[in-house]
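Trainee: This is data_18.cif, which holds mmCIF, C-alpha atoms:
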data_run
loop_
_atom_site.group_PDB
_atom_site.id
_atom_site.type_symbol
_atom_site.label_atom_id
_atom_site.label_comp_id
_atom_site.auth_asym_id
_atom_site.auth_seq_id
_atom_site.Cartn_x
_atom_site.Cartn_y
_atom_site.Cartn_z
ATOM 1 C CA HIS E 445 17.423 36.995 -19.561
ATOM 2 C CA GLN E 446 16.624 33.299 -19.570
ATOM 3 C CA LEU E 447 20.257 32.434 -18.846
ATOM 4 C CA ASP E 448 20.576 35.141 -16.213
ATOM 5 C CA PHE E 449 17.549 33.928 -14.272
ATOM 6 C CA ALA E 450 18.864 30.355 -14.337
ATOM 7 C CA THR E 451 22.124 31.325 -12.604
ATOM 8 C CA THR E 452 22.781 31.370 -8.875
ATOM 9 C CA ASN E 453 23.055 35.166 -8.981
ATOM 10 C CA PRO E 454 20.286 36.506 -11.223
ATOM 11 C CA CYS E 455 20.360 40.213 -12.083
ATOM 12 C CA GLU E 456 24.041 40.417 -11.121
ATOM 13 C CA HIS E 457 27.042 40.586 -13.468
ATOM 14 C CA ILE E 458 24.777 40.593 -16.517
ATOM 15 C CA PHE E 459 27.439 42.000 -18.835
ATOM 16 C CA GLU E 460 29.904 39.293 -17.800
ATOM 17 C CA LYS E 461 27.268 36.672 -18.561
ATOM 18 C CA MET E 462 27.030 38.081 -22.095
ATOM 19 C CA ILE E 463 30.746 37.687 -22.923
ATOM 20 C CA SER E 464 32.419 35.310 -20.486
ATOM 21 C CA GLY E 465 33.590 31.884 -21.552
ATOM 22 C CA ALA E 466 31.923 30.540 -18.430
ATOM 23 C CA TYR E 467 28.545 31.399 -19.972
ATOM 24 C CA LEU E 468 29.092 31.366 -23.750
ATOM 25 C CA GLY E 469 28.262 27.672 -24.097
ATOM 26 C CA ALA E 470 25.043 28.075 -22.138
ATOM 27 C CA ILE E 471 23.989 31.156 -24.137
ATOM 28 C CA CYS E 472 24.624 29.303 -27.376
ATOM 29 C CA LEU E 473 22.691 26.251 -26.219
ATOM 30 C CA LEU E 474 19.664 28.354 -25.280
ATOM 31 C CA THR E 475 19.834 30.188 -28.608
ATOM 32 C CA ILE E 476 20.204 26.985 -30.623
ATOM 33 C CA GLN E 477 17.318 25.383 -28.768
ATOM 34 C CA LYS E 478 15.173 28.459 -29.450
ATOM 35 C CA ALA E 479 16.150 28.123 -33.119
ATOM 36 C CA CYS E 480 14.835 24.538 -32.944
ATOM 37 C CA ASP E 481 11.520 25.819 -31.603
ATOM 38 C CA ASP E 482 11.455 28.358 -34.454
ATOM 39 C CA GLY E 483 11.944 25.629 -37.090
ATOM 40 C CA LEU E 484 15.479 26.497 -38.191
ATOM 41 C CA PHE E 485 16.622 22.873 -37.912
ATOM 42 C CA SER E 486 15.267 19.641 -39.342
ATOM 43 C CA SER E 487 13.149 17.561 -36.989
ATOM 44 C CA ASP E 488 15.941 14.979 -36.566
ATOM 45 C CA SER E 489 18.505 17.591 -35.574
ATOM 46 C CA ALA E 490 16.026 19.551 -33.457
ATOM 47 C CA GLY E 491 15.156 16.417 -31.502
ATOM 48 C CA ALA E 492 18.826 15.710 -30.807
ATOM 49 C CA ILE E 493 19.630 19.345 -29.968
ATOM 50 C CA LEU E 494 16.728 19.606 -27.550
ATOM 51 C CA GLN E 495 18.125 16.586 -25.679
ATOM 52 C CA ILE E 496 21.380 18.421 -24.894
ATOM 53 C CA ARG E 497 21.182 19.613 -21.300
ATOM 54 C CA ARG E 498 24.540 21.343 -20.933
ATOM 55 C CA LEU E 499 27.018 22.816 -23.387
ATOM 56 C CA GLU E 500 30.471 23.903 -22.296
ATOM 57 C CA THR E 501 32.304 26.595 -24.223
ATOM 58 C CA LYS E 502 35.030 24.047 -25.028
ATOM 59 C CA GLN E 503 32.429 21.874 -26.763
ATOM 60 C CA LEU E 504 31.257 24.913 -28.671
ATOM 61 C CA ASN E 505 34.795 25.661 -29.772
ATOM 62 C CA ASP E 506 35.294 22.028 -30.818
ATOM 63 C CA PHE E 507 32.257 22.387 -33.066
ATOM 64 C CA MET E 508 33.567 25.614 -34.590
ATOM 65 C CA TYR E 509 36.822 23.900 -35.553
ATOM 66 C CA TYR E 510 35.218 20.575 -36.559
ATOM 67 C CA PRO E 511 31.546 21.084 -37.512
ATOM 68 C CA TYR E 512 31.363 17.522 -38.867
ATOM 69 C CA GLY E 513 33.448 15.930 -36.104
ATOM 70 C CA GLU E 514 32.598 13.839 -33.077
ATOM 71 C CA ASN E 515 31.554 16.699 -30.797
ATOM 72 C CA SER E 516 28.022 16.873 -29.383
ATOM 73 C CA LEU E 517 26.743 19.637 -31.694
ATOM 74 C CA ALA E 518 28.084 17.958 -34.820
ATOM 75 C CA GLN E 519 26.573 14.655 -33.722
ATOM 76 C CA ALA E 520 23.194 16.319 -33.216
ATOM 77 C CA CYS E 521 23.241 17.403 -36.874
ATOM 78 C CA LYS E 522 24.841 14.307 -38.393
ATOM 79 C CA ASN E 523 21.662 12.597 -39.647
ATOM 80 C CA SER E 524 20.225 15.605 -41.436
ATOM 81 C CA GLY E 525 22.839 16.578 -43.978
ATOM 82 C CA SER E 526 25.033 19.625 -43.980
ATOM 83 C CA ASP E 527 22.362 22.362 -43.871
ATOM 84 C CA ASP E 528 21.744 21.926 -40.139
ATOM 85 C CA ALA E 529 25.471 21.948 -39.377
ATOM 86 C CA ILE E 530 25.846 25.143 -41.409
ATOM 87 C CA THR E 531 22.886 26.750 -39.636
ATOM 88 C CA MET E 532 24.415 25.737 -36.298
ATOM 89 C CA TYR E 533 27.768 27.166 -37.354
ATOM 90 C CA TYR E 534 26.231 30.511 -38.299
ATOM 91 C CA ILE E 535 24.380 30.802 -34.997
ATOM 92 C CA VAL E 536 27.462 30.007 -32.922
ATOM 93 C CA ASP E 537 29.614 32.269 -35.078
ATOM 94 C CA ARG E 538 27.197 35.197 -34.677
ATOM 95 C CA LEU E 539 27.137 34.738 -30.895
ATOM 96 C CA THR E 540 30.944 34.696 -30.873
ATOM 97 C CA GLU E 541 30.871 37.903 -32.924
ATOM 98 C CA ARG E 542 28.455 39.429 -30.406
ATOM 99 C CA ALA E 543 30.775 38.523 -27.516
ATOM 100 C CA ALA E 544 33.729 40.051 -29.391
ATOM 101 C CA LYS E 545 31.878 43.310 -30.038
ATOM 102 C CA LEU E 546 30.765 43.583 -26.431
ATOM 103 C CA ALA E 547 34.274 42.835 -25.140
ATOM 104 C CA ALA E 548 35.712 45.469 -27.505
ATOM 105 C CA ILE E 549 33.127 48.003 -26.315
ATOM 106 C CA ASN E 550 34.082 47.332 -22.706
ATOM 107 C CA LEU E 551 37.817 47.570 -23.381
ATOM 108 C CA SER E 552 37.308 50.724 -25.449
ATOM 109 C CA ALA E 553 35.343 52.359 -22.655
ATOM 110 C CA MET E 554 38.133 51.642 -20.179
ATOM 111 C CA ALA E 555 40.785 52.917 -22.603
ATOM 112 C CA ILE E 556 38.850 56.140 -23.200
ATOM 113 C CA LYS E 557 38.081 56.634 -19.507
ATOM 114 C CA SER E 558 41.753 56.154 -18.573
ATOM 115 C CA GLY E 559 42.603 59.379 -20.382
ATOM 116 C CA CYS E 560 46.068 57.992 -21.106
ATOM 117 C CA ASP E 561 48.197 59.820 -23.621
ATOM 118 C CA THR E 562 48.936 57.104 -26.156
ATOM 119 C CA GLY E 563 50.639 56.897 -29.501
ATOM 120 C CA PRO E 564 52.221 54.253 -31.684
ATOM 121 C CA ASP E 565 55.389 54.674 -29.611
ATOM 122 C CA LYS E 566 53.607 54.380 -26.248
ATOM 123 C CA PRO E 567 50.465 52.247 -26.534
ATOM 124 C CA LEU E 568 48.035 51.571 -23.739
ATOM 125 C CA CYS E 569 48.626 48.100 -22.301
ATOM 126 C CA ILE E 570 45.573 45.828 -22.180
ATOM 127 C CA VAL E 571 46.160 42.635 -20.228
ATOM 128 C CA ALA E 572 43.949 39.841 -21.470
ATOM 129 C CA GLU E 573 43.813 36.393 -20.035
ATOM 130 C CA GLY E 574 41.551 33.439 -20.325
ATOM 131 C CA THR E 575 41.309 30.334 -22.411
ATOM 132 C CA THR E 576 38.209 31.552 -24.211
ATOM 133 C CA PHE E 577 39.858 34.786 -25.372
ATOM 134 C CA TYR E 578 42.910 33.025 -26.763
ATOM 135 C CA GLN E 579 41.388 29.771 -28.001
ATOM 136 C CA MET E 580 37.761 30.368 -29.035
ATOM 137 C CA ARG E 581 37.712 30.370 -32.801
ATOM 138 C CA GLY E 582 37.502 33.936 -34.072
ATOM 139 C CA LEU E 583 37.082 35.688 -30.732
ATOM 140 C CA LYS E 584 40.495 37.295 -30.219
ATOM 141 C CA SER E 585 40.887 38.371 -33.842
ATOM 142 C CA ARG E 586 37.451 40.000 -33.801
ATOM 143 C CA VAL E 587 38.076 41.840 -30.538
ATOM 144 C CA GLU E 588 41.327 43.125 -32.032
ATOM 145 C CA PHE E 589 39.534 44.149 -35.242
ATOM 146 C CA TYR E 590 36.944 46.227 -33.387
ATOM 147 C CA LEU E 591 39.537 47.770 -31.085
ATOM 148 C CA LYS E 592 41.709 48.775 -34.031
ATOM 149 C CA GLN E 593 38.743 50.131 -35.936
ATOM 150 C CA HIS E 594 37.423 52.235 -33.063
ATOM 151 C CA LEU E 595 40.316 53.020 -30.733
ATOM 152 C CA GLU E 596 43.156 53.469 -33.211
ATOM 153 C CA ASN E 597 41.455 54.454 -36.450
ATOM 154 C CA GLU E 598 38.691 56.673 -35.049
ATOM 155 C CA LEU E 599 40.065 57.941 -31.734
ATOM 156 C CA GLY E 600 43.846 57.714 -32.144
ATOM 157 C CA ILE E 601 44.190 55.606 -28.982
ATOM 158 C CA TYR E 602 46.931 53.048 -29.514
ATOM 159 C CA TYR E 603 47.049 49.842 -27.508
ATOM 160 C CA ASP E 604 48.785 46.496 -27.172
ATOM 161 C CA ILE E 605 47.077 43.366 -25.905
ATOM 162 C CA VAL E 606 49.441 41.332 -23.773
ATOM 163 C CA SER E 607 49.190 38.077 -21.908
ATOM 164 C CA VAL E 608 50.453 37.828 -18.338
ATOM 165 C CA ASP E 609 50.488 34.469 -16.615
ATOM 166 C CA ASN E 610 48.266 34.496 -13.523
ATOM 167 C CA ALA E 611 47.329 38.165 -14.028
ATOM 168 C CA THR E 612 44.158 37.905 -11.939
ATOM 169 C CA LEU E 613 45.987 36.215 -9.072
ATOM 170 C CA ILE E 614 48.818 38.764 -9.157
ATOM 171 C CA GLY E 615 46.347 41.664 -9.334
ATOM 172 C CA ALA E 616 44.376 40.322 -6.391
ATOM 173 C CA ALA E 617 47.549 39.868 -4.366
ATOM 174 C CA ILE E 618 48.681 43.422 -5.099
ATOM 175 C CA ALA E 619 45.249 44.793 -4.222
ATOM 176 C CA GLY E 620 45.260 42.819 -0.985
ATOM 177 C CA LEU E 621 48.708 44.012 -0.004
ATOM 178 C CA THR E 622 48.071 47.674 -0.820
ATOM 179 C CA ASN E 623 44.624 48.084 0.698
#
Re-express the file's structure as structure tokens.

Mentor:
Amino acid sequence: HQLDFATTNPCEHIFEKMISGAYLGAICLLTIQKACDDGLFSSDSAGAILQIRRLETKQLNDFMYYPYGENSLAQACKNSGSDDAITMYYIVDRLTERAAKLAAINLSAMAIKSGCDTGPDKPLCIVAEGTTFYQMRGLKSRVEFYLKQHLENELGIYYDIVSVDNATLIGAAIAGLTN
């Protein structure tokens, strides 16, 4: 709610704000700063973390790949030993997991609602695009895990995730030309 109210369009697109790469960095920063207030980090790290004013999802991803590197989150924890970096990693990882579960729920709902007759020989096609989906450490594999677990294993709905260059642009053009 804190993130939502800080945006230019509060109370709109709330679900997107929970999973989108455009907001994941900001959600993580707010959560990490709340963890500082709750005493999960040493005072040195907490002081440095509370000074961070903006966190892009790319910076978050850099931390996930290099938790002791030169990125802003790693630098905030560098003077306190590894415990703060590990705590930071777990928080970011759990928020990535949350985004993956929510994305899988959304995709599952659309697959179920479509009513398509699918099978291993004719899977439902899910077009996914976006840097965050393909590059955020652990996101794509977790979305695929939850989709396989629920759609295929429980419901027998088979699917393939595909990448289409400029899918949003092409979809908008088709919608514009046909409506």

Trainee: If the PyMOL selection byres ((chain E and resi 493-499) around 7) is run on the structure shown, which residues does it catch, given as a count of residues only?

Mentor: 12

Trainee: Leaving out Leu504 (chain E) and any residue of its chain fewer than 5 positions from it, which residues lie within 10 Å of it when counting only C-alpha atoms, given as a list in words?

Mentor: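 Listing them by chain and then by number gives Leu468, Gly469, Ala470, Cys472, Leu473, Leu499, Tyr509, Tyr510, Pro511, Asn515, Ser516, Leu517, Ala518, Tyr533, Val536, Asp537, Met580 and Arg581 of chain E.
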
Trainee: Please write out, as JSON, where the centre of an axis-aligned box around all listed atoms of region 472-486 of chain E lies and how long its edges are, in Å to one decimal, after adding 4 Å on each side.

Mentor:
{"center_x": 18.0, "center_y": 24.9, "center_z": -32.3, "size_x": 21.2, "size_y": 18.5, "size_z": 22.1}

Trainee: Evaluate the PyMOL selection byres ((chain E and resi 600-609) around 7) here and jot the selected residues down as a PyMOL selection string.

Mentor: chain E and resi 562-564+567-573+595-599+610-611

Trainee: My list of candidates is E:Leu539, E:Cys455, E:Met508, E:Met532. Which is closest to Cys480 (chain E) when distances are computed with all atoms listed in the file?

Mentor: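 Selected residue with least distance to Cys480 (chain E): E:Met532.
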
Trainee: One decimal, in Å: what's the spacing between CA of Ser487 (chain E) and CA of Cys521 (chain E)?

Mentor: 10.1 Å

Trainee: Calculate how many Å separate CA of Leu613 (chain E) from CA of Gly574 (chain E), rounding to one decimal.

Mentor: 12.4 Å

Trainee: Under the PyMOL selection byres ((chain E and resi 545) around 12), which residues of this model are included? Write them out as a PyMOL selection string.

Mentor: chain E and resi 462-463+538-544+546-552+582-594

Trainee: Please compute the CA of Ile471 (chain E)-CA of Phe485 (chain E) distance, one decimal, in Å.

Mentor: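 Between these atoms lies a distance of 17.7 Å.
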
Trainee: Looking at E:Asp488, E:Lys478, E:His445, E:Gln579, which one is nearest to Asn523 (chain E), with distances taken over only C-alpha atoms?

Mentor: E:Asp488

Trainee: Which residue gives the smallest distance to Thr475 (chain E) among E:Tyr534, E:Asn453, E:Glu460, E:Asn505, with only C-alpha atoms counted?

Mentor: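 Checking each candidate against Thr475 (chain E), we get E:Tyr534 as the closest.
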
Trainee: Would you mind telling me which residue in E:Thr576, E:Ala529, E:Thr452, E:Ala555 lies nearest to Ile476 (chain E) when using all atoms listed in the file?

Mentor: E:Ala529

Trainee: Here is a test: counting only C-alpha atoms, which residue of E:Asp528, E:Lys502, E:Cys560, E:Glu514 is nearest to Ala466 (chain E)?

Mentor: E:Lys502

Trainee: So which one's closest to Ser464 (chain E), E:Lys557, E:Gly615, E:Asn623, E:Phe577? Using all atoms listed in the file, please.

Mentor: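 Selected residue with least distance to Ser464 (chain E): E:Phe577.
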